[in-house]
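Let me begin by presenting the structure, written as structure tokens, before commenting on it.
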Amino acid sequence: MRYISTRGQAPVLTFEDTMLTGLARDGGLYVPETLPRMSAAEIAALAGLSYEDVAFRVMRPFVGESFTDAEFGDCIARAYAGFGHAARAPLKQLQDNHFLLELFHGPTLAFKDFAMQLIGQLFQTALARSGERVTIVGATSGDTGSAAMEAFRGLENVDVFILYPHGRVSDVQRRQMTTVSEANAHALAIDGTFDDAQARLKDMFNDFVFRDEVRLAGVNSINFARVLAQVVYYFTAAVALGAPHREVSFCVPTGNFGDIFAGYLAKRMGLPIARLVVATNQNDILHRALSTGDYVTQGVAPSISPSMDIQVSSNFERALFDAYGRDGAAVAQLMAELKAGGFHISQGALEALRSDFASGRASEAETSAMIARSRGEMGELLCPHSAVGVHVAQDFLGAVPMVTLATAHPAKFPDAVEAATGIRPALPARMADLFERPERVSRVPNDLTALEAHVREALAR
Ligand SMILES: *Cc1c(COP(=O)(O)O)cnc(C)c1O
């Protein structure tokens, strides 16, 4: 399996190099050159298998020669062993023909654990083989950072540094980063906003001397290995509801378009998915783009579903690449226009996108109302992100079963849940002592030179 860039100008890579590289050198995102297909018989054969076995069968063709069957199977086993539910991604019925896919049973209570835990194991396996070390640096508004700290803690060939905006993440999110005790994991509270953190991260990657010196690697959601790991639960959920003999639809709380793009890949691989519904909060650039064809940035308005507060949706570039007939030059042109504020999606590309994706948005009031309603009518306490999904899904319920992805545990966002329902959700027992564990964090200035010095010093210790 070979991987190519959405902008057509970067070297073609193997799975392993794609994973270790992250962003392509031409600024694009890596995608498989061709997608493996699964026949109806192969999909039917997934019924009744463990999550790990489905994961192996669905992902194996993408990995190619980069890992042996035994290595890949071991990585999958270790990745999901720490989950708090035997099914890993259990399905619950919410309403008539409407189901909730619970993706919050991992160690940091959000769906990002599915991908991050697996790539932690894949990184370690690849690096141990070559004897190399890498330094992972990430910027987070909350969930990605905690998932990364948890996934890379204690791994021998990796150091991980996570930048988060000081004072701007929830207490649970902060503690999930700062209470990791292993010496290779470093939480950095930057004096600035999430945009500052992300800008300094980009600066570090653009400082090639520093980048090569510490062997910088990225694990943000544009890393194809992360998207791939998320394809698996679309298969387990659809098969549980009757695929390949019956169609299923999915509604996905969306920010950077990584999770829903995984659903699109599942569909292209042969899973009978009727509709993929993009559910956005008030930061609705994707809903506007799919409705009007104009992809125009408007700035971010902070919401009660902060992990979906985005200005531009980086993985959308992968969907555009296919919608434009895999024309890398056309995608590069759109991305250049985006720098100046936005672009218009051509009629043909828009029709292609609409044949796979529908969309909807939930305002702040609608999100809160759905948290309260689902608690009352469905007996389900939802996190605000999941509530955005359940709200948007209401417009698409019908004969085809709908699965809404529950992307985080309600206890990760207790203030919003309590404001809507009066109930303060409790953390699961296995992390009930989160607020007693000691915190370890370095406060860092919003300054590239100081940050690089900090990373160098920590690595030298
Ligand atoms: C990251 C995240 C999302 C958005 O997922 P994308 O892949 O960026 O679209 C939604 N909900 C929660 C809880 C998240 O952490």
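Quick note on naming: the chains in the structure tokens go A, B, ... in the order shown, residues restart at 1 in each chain, and ligands are numbered from 1 in order of appearance.
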Can you tell me which residues come within 7 Å of ligand 1 when counting only C-alpha atoms and all ligand atoms, ideally as a compact mmCIF listing (two decimals) with C-alpha atoms, in the first residue's frame?
# COMPACT_ATOMS: atom_id res chain seq x y z
CA ALA A 110 -13.04 10.45 24.50
CA PHE A 111 -13.00 8.73 21.11
CA LYS A 112 -9.48 9.99 20.43
CA ASP A 143 -8.96 15.95 24.30
CA THR A 144 -6.12 15.29 21.85
CA SER A 221 -5.68 14.42 13.50
CA PRO A 253 -20.16 15.36 15.91
CA THR A 254 -17.52 17.02 13.76
CA GLY A 255 -14.64 19.44 14.18
CA ASN A 256 -11.59 18.63 12.12
CA PHE A 257 -13.47 16.11 9.94
CA GLY A 258 -11.19 13.22 10.98
CA ASP A 259 -13.81 11.01 12.57
CA ILE A 260 -16.39 11.40 9.80
CA SER A 307 -13.51 20.01 20.94
CA MET A 308 -15.56 21.03 17.90
CA HIS A 385 -20.51 17.01 21.69
CA SER A 386 -22.64 13.88 21.58
CA THR A 407 -17.53 11.13 21.26
CA ALA A 408 -16.88 11.80 24.97
Run DSSP on the backbone of this structure and report the residues of region 230-322 of chain A it assigns to alpha helix (DSSP H), as number ranges by chain.
A: 230-240, 258-268, 285-292, 316-322
Could you save those same residues with C-alpha atoms as a CSV table (one decimal), in the first residue's frame?
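Written file, selection_7.csv:
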chain,number,residue,atom,x,y,z
A,230,GLN,CA,-11.3,5.2,13.5
A,231,VAL,CA,-12.6,3.2,10.5
A,232,VAL,CA,-13.0,0.1,12.6
A,233,TYR,CA,-15.9,1.1,14.8
A,234,TYR,CA,-18.0,2.0,11.7
A,235,PHE,CA,-17.7,-1.6,10.8
A,236,THR,CA,-18.4,-3.1,14.2
A,237,ALA,CA,-21.5,-0.8,14.6
A,238,ALA,CA,-22.9,-1.4,11.1
A,239,VAL,CA,-22.4,-5.2,11.3
A,240,ALA,CA,-24.1,-5.3,14.7
A,258,GLY,CA,-11.2,13.2,11.0
A,259,ASP,CA,-13.8,11.0,12.6
A,260,ILE,CA,-16.4,11.4,9.8
A,261,PHE,CA,-13.7,11.0,7.1
A,262,ALA,CA,-13.1,7.6,8.6
A,263,GLY,CA,-16.8,6.8,8.0
A,264,TYR,CA,-16.3,7.9,4.4
A,265,LEU,CA,-13.4,5.5,4.0
A,266,ALA,CA,-15.5,2.6,5.5
A,267,LYS,CA,-18.2,3.4,2.9
A,268,ARG,CA,-15.6,3.4,0.0
A,285,ILE,CA,-18.1,26.2,8.5
A,286,LEU,CA,-18.7,22.6,7.3
A,287,HIS,CA,-22.5,22.9,7.5
A,288,ARG,CA,-22.4,26.2,5.6
A,289,ALA,CA,-20.0,24.8,3.0
A,290,LEU,CA,-22.1,21.7,2.3
A,291,SER,CA,-25.3,23.9,2.2
A,292,THR,CA,-24.0,26.7,0.0
A,316,PHE,CA,-11.9,18.2,4.9
A,317,GLU,CA,-9.0,18.5,2.4
A,318,ARG,CA,-9.1,14.7,2.0
A,319,ALA,CA,-12.7,14.8,1.0
A,320,LEU,CA,-12.1,17.6,-1.4
A,321,PHE,CA,-9.3,15.7,-3.0
A,322,ASP,CA,-11.7,12.9,-4.0
If we count only C-alpha atoms and set the cut-off at 7 Å, which residues sit around Ala115 (chain A), ignoring sequence neighbours fewer than 4 positions away in its own chain? Please answer as a ChimeraX atom specification.
/A:119,226,229-230
Go through region 127-236 of chain A and collect every residue that DSSP, computed from the backbone, puts in strand (DSSP E); the answer should be as a PyMOL selection string.
chain A and resi 134-139+158-165+185-190+216-217
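Residue nearest Pro438 (chain A) within the list A:Val227, A:Ala450, A:Leu23, A:Val180: A:Val180 [criterion: smallest interatomic distance, only C-alpha atoms].
Using only C-alpha atoms, the nearest neighbour of Arg354 (chain A) within the list A:Met402, A:Val277, A:Leu338, A:Asp415 is A:Val277.
Excluding Val252 (chain A) itself and any same-chain residue fewer than 5 positions from it, the protein and nucleic acid residues within 7 Å of it, counting only C-alpha atoms, are A:Ile260, A:Val277, A:Val278, A:Ala279, A:Gly389, A:Thr404, A:Leu405.
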Please identify every residue of region 97-128 of chain A that has at least one atom no farther than 12 Å from an atom of region 204-219 of chain A, counting only C-alpha atoms, and for each give the shortest atom pair and the distance in Å to one decimal, arranged by chain then increasing number, as a Markdown table.
| residue | atom | partner | partner_atom | distance |
| --- | --- | --- | --- | --- |
| A:Lys112 | CA | A:Val219 | CA | 11.1 |
| A:Ala115 | CA | A:Val219 | CA | 9.8 |
| A:Met116 | CA | A:Val219 | CA | 8.0 |
| A:Gln117 | CA | A:Val219 | CA | 11.2 |
| A:Leu118 | CA | A:Val219 | CA | 11.5 |
| A:Ile119 | CA | A:Val219 | CA | 8.4 |
| A:Gly120 | CA | A:Val219 | CA | 9.4 |
| A:Leu122 | CA | A:Val219 | CA | 12.0 |
| A:Phe123 | CA | A:Ala217 | CA | 10.0 |
| A:Leu127 | CA | A:Arg215 | CA | 11.7 |
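Computed from the coordinates, the CA of Leu427 (chain A) to CA of Ala372 (chain A) distance equals 19.1 Å.
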Show me, as a PDB file with N, CA and C atoms, in the first residue's frame, the residues that have an atom within 9 Å of Pro90 (chain A) when counting only C-alpha atoms, minus same-chain residues fewer than 6 positions from it.
ATOM      1  N   LEU A 100     -26.775   4.865  19.785  1.00  0.00           N
ATOM      2  CA  LEU A 100     -25.628   5.652  20.223  1.00  0.00           C
ATOM      3  C   LEU A 100     -24.415   4.726  20.254  1.00  0.00           C
ATOM      4  N   LEU A 101     -23.354   5.139  19.587  1.00  0.00           N
ATOM      5  CA  LEU A 101     -22.114   4.361  19.603  1.00  0.00           C
ATOM      6  C   LEU A 101     -21.196   4.991  20.652  1.00  0.00           C
ATOM      7  N   GLU A 102     -21.017   4.300  21.763  1.00  0.00           N
ATOM      8  CA  GLU A 102     -20.261   4.872  22.888  1.00  0.00           C
ATOM      9  C   GLU A 102     -18.761   4.711  22.650  1.00  0.00           C
ATOM     10  N   LEU A 103     -18.119   5.841  22.375  1.00  0.00           N
ATOM     11  CA  LEU A 103     -16.686   5.805  22.050  1.00  0.00           C
ATOM     12  C   LEU A 103     -15.850   6.394  23.183  1.00  0.00           C
ATOM     13  N   HIS A 105     -15.014   4.847  26.287  1.00  0.00           N
ATOM     14  CA  HIS A 105     -14.575   3.910  27.330  1.00  0.00           C
ATOM     15  C   HIS A 105     -13.057   3.742  27.389  1.00  0.00           C
ATOM     16  N   ALA A 237     -20.141  -1.304  14.337  1.00  0.00           N
ATOM     17  CA  ALA A 237     -21.505  -0.821  14.567  1.00  0.00           C
ATOM     18  C   ALA A 237     -22.441  -1.249  13.441  1.00  0.00           C
TER      19      ALA A 237
END
For Ser249 (chain A), find every residue with an atom within 7 Å (counting only C-alpha atoms), except residues of its own chain fewer than 6 positions away, and show them as a VMD selection string.
chain A and resid 273 to 276 400 to 403
Proximity check region 220-335 of chain A to region 132-139 of chain A, 12 Å, nearest pairs one decimal Å, only C-alpha atoms, as a tab-separated table:
residue	atom	partner	partner_atom	distance
A:Asn220	CA	A:Gly138	CA	6.7
A:Ser221	CA	A:Gly138	CA	10.3
A:Ile222	CA	A:Gly138	CA	12.0
A:Asn223	CA	A:Gly138	CA	11.9
To one decimal place, how far is CA of Arg443 (chain A) from CA of Pro410 (chain A) in Å?
28.4 Å
Pairwise distance, CA of Val441 (chain A) with CA of Thr179 (chain A), equals 8.6 Å
Distance table requested - region 321-431 of chain A against region 26-36 of chain A, cut-off 12 Å, only C-alpha atoms: one row per qualifying residue with the closest atom pair and its distance in Å to one decimal, ordered by chain and rising residue number, as CSV.
residue,atom,partner,partner_atom,distance
A:Phe321,CA,A:Val31,CA,9.4
A:Asp322,CA,A:Val31,CA,10.0
A:Arg326,CA,A:Glu33,CA,9.9
A:Gly328,CA,A:Gly28,CA,8.8
A:Ala329,CA,A:Gly28,CA,10.7
A:Ala330,CA,A:Gly28,CA,12.0
A:Val331,CA,A:Gly28,CA,8.8
A:Ala332,CA,A:Gly28,CA,7.9
A:Gln333,CA,A:Gly28,CA,11.6
A:Leu334,CA,A:Gly28,CA,11.6
A:Met335,CA,A:Gly28,CA,9.2
A:Ala336,CA,A:Gly27,CA,10.6
Quick one: write out the picked residues with N, CA, C and O atoms as a PDB file, in the first residue's frame?
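That gives us result-v9.pdb:
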ATOM      1  N   PHE A 321     -10.190  16.349  -2.049  1.00  0.00           N
ATOM      2  CA  PHE A 321      -9.296  15.676  -3.006  1.00  0.00           C
ATOM      3  C   PHE A 321     -10.081  14.667  -3.853  1.00  0.00           C
ATOM      4  O   PHE A 321      -9.990  14.656  -5.084  1.00  0.00           O
ATOM      5  N   ASP A 322     -10.908  13.863  -3.213  1.00  0.00           N
ATOM      6  CA  ASP A 322     -11.722  12.898  -3.956  1.00  0.00           C
ATOM      7  C   ASP A 322     -12.810  13.612  -4.770  1.00  0.00           C
ATOM      8  O   ASP A 322     -13.074  13.255  -5.927  1.00  0.00           O
ATOM      9  N   ARG A 326      -9.378  13.679  -7.464  1.00  0.00           N
ATOM     10  CA  ARG A 326      -7.982  13.459  -7.052  1.00  0.00           C
ATOM     11  C   ARG A 326      -7.007  14.351  -7.819  1.00  0.00           C
ATOM     12  O   ARG A 326      -5.900  13.940  -8.180  1.00  0.00           O
ATOM     13  N   GLY A 328      -4.585  17.018  -7.442  1.00  0.00           N
ATOM     14  CA  GLY A 328      -3.788  17.682  -6.411  1.00  0.00           C
ATOM     15  C   GLY A 328      -3.595  19.168  -6.667  1.00  0.00           C
ATOM     16  O   GLY A 328      -3.605  19.977  -5.731  1.00  0.00           O
ATOM     17  N   ALA A 329      -3.453  19.547  -7.934  1.00  0.00           N
ATOM     18  CA  ALA A 329      -3.249  20.962  -8.255  1.00  0.00           C
ATOM     19  C   ALA A 329      -4.499  21.771  -7.911  1.00  0.00           C
ATOM     20  O   ALA A 329      -4.409  22.891  -7.392  1.00  0.00           O
ATOM     21  N   ALA A 330      -5.671  21.183  -8.161  1.00  0.00           N
ATOM     22  CA  ALA A 330      -6.919  21.887  -7.839  1.00  0.00           C
ATOM     23  C   ALA A 330      -7.032  22.091  -6.331  1.00  0.00           C
ATOM     24  O   ALA A 330      -7.427  23.162  -5.860  1.00  0.00           O
ATOM     25  N   VAL A 331      -6.653  21.051  -5.550  1.00  0.00           N
ATOM     26  CA  VAL A 331      -6.721  21.169  -4.086  1.00  0.00           C
ATOM     27  C   VAL A 331      -5.732  22.224  -3.605  1.00  0.00           C
ATOM     28  O   VAL A 331      -6.059  23.060  -2.749  1.00  0.00           O
ATOM     29  N   ALA A 332      -4.517  22.219  -4.147  1.00  0.00           N
ATOM     30  CA  ALA A 332      -3.513  23.210  -3.743  1.00  0.00           C
ATOM     31  C   ALA A 332      -4.030  24.624  -3.999  1.00  0.00           C
ATOM     32  O   ALA A 332      -3.851  25.538  -3.190  1.00  0.00           O
ATOM     33  N   GLN A 333      -4.724  24.813  -5.125  1.00  0.00           N
ATOM     34  CA  GLN A 333      -5.300  26.114  -5.463  1.00  0.00           C
ATOM     35  C   GLN A 333      -6.352  26.541  -4.425  1.00  0.00           C
ATOM     36  O   GLN A 333      -6.351  27.667  -3.935  1.00  0.00           O
ATOM     37  N   LEU A 334      -7.252  25.594  -4.051  1.00  0.00           N
ATOM     38  CA  LEU A 334      -8.280  25.911  -3.045  1.00  0.00           C
ATOM     39  C   LEU A 334      -7.629  26.308  -1.727  1.00  0.00           C
ATOM     40  O   LEU A 334      -8.062  27.257  -1.061  1.00  0.00           O
ATOM     41  N   MET A 335      -6.568  25.582  -1.329  1.00  0.00           N
ATOM     42  CA  MET A 335      -5.941  25.856  -0.048  1.00  0.00           C
ATOM     43  C   MET A 335      -5.210  27.202  -0.066  1.00  0.00           C
ATOM     44  O   MET A 335      -5.113  27.878   0.951  1.00  0.00           O
ATOM     45  N   ALA A 336      -4.728  27.598  -1.237  1.00  0.00           N
ATOM     46  CA  ALA A 336      -4.123  28.925  -1.351  1.00  0.00           C
ATOM     47  C   ALA A 336      -5.209  29.994  -1.189  1.00  0.00           C
ATOM     48  O   ALA A 336      -5.011  31.005  -0.512  1.00  0.00           O
TER      49      ALA A 336
END
Give me, as a short mmCIF file (atom, residue, chain, number, x, y, z; two decimals) with N, CA, C and O atoms, in the first residue's frame, all polymer residues having an atom no more than 9 Å from Gly73 (chain A), counting only C-alpha atoms and skipping those fewer than 5 positions away in the same chain.
data_model
loop_
_atom_site.label_atom_id
_atom_site.label_comp_id
_atom_site.auth_asym_id
_atom_site.auth_seq_id
_atom_site.Cartn_x
_atom_site.Cartn_y
_atom_site.Cartn_z
N GLU A 52 -11.03 -6.36 18.56
CA GLU A 52 -9.64 -6.48 18.12
C GLU A 52 -9.54 -7.27 16.81
O GLU A 52 -8.75 -6.93 15.93
N ASP A 53 -10.32 -8.33 16.70
CA ASP A 53 -10.27 -9.14 15.47
C ASP A 53 -10.81 -8.35 14.26
O ASP A 53 -10.28 -8.43 13.16
N ALA A 55 -10.71 -5.13 14.04
CA ALA A 55 -9.68 -4.12 13.79
C ALA A 55 -8.58 -4.69 12.90
O ALA A 55 -8.13 -4.04 11.95
N PHE A 56 -8.14 -5.89 13.20
CA PHE A 56 -7.07 -6.50 12.41
C PHE A 56 -7.51 -6.68 10.96
O PHE A 56 -6.81 -6.28 10.03
N THR A 68 4.57 -6.79 10.50
CA THR A 68 4.17 -8.17 10.28
C THR A 68 2.79 -8.40 10.90
O THR A 68 2.33 -7.59 11.72
N ARG A 78 -2.55 -4.53 22.65
CA ARG A 78 -2.10 -3.63 23.71
C ARG A 78 -2.89 -2.33 23.70
O ARG A 78 -3.17 -1.74 24.74
#
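Proximity ranking of A:Ser355, A:Gln282, A:Glu436, A:Lys412 relative to Thr367 (chain A) places A:Gln282 first, based on only C-alpha atoms.
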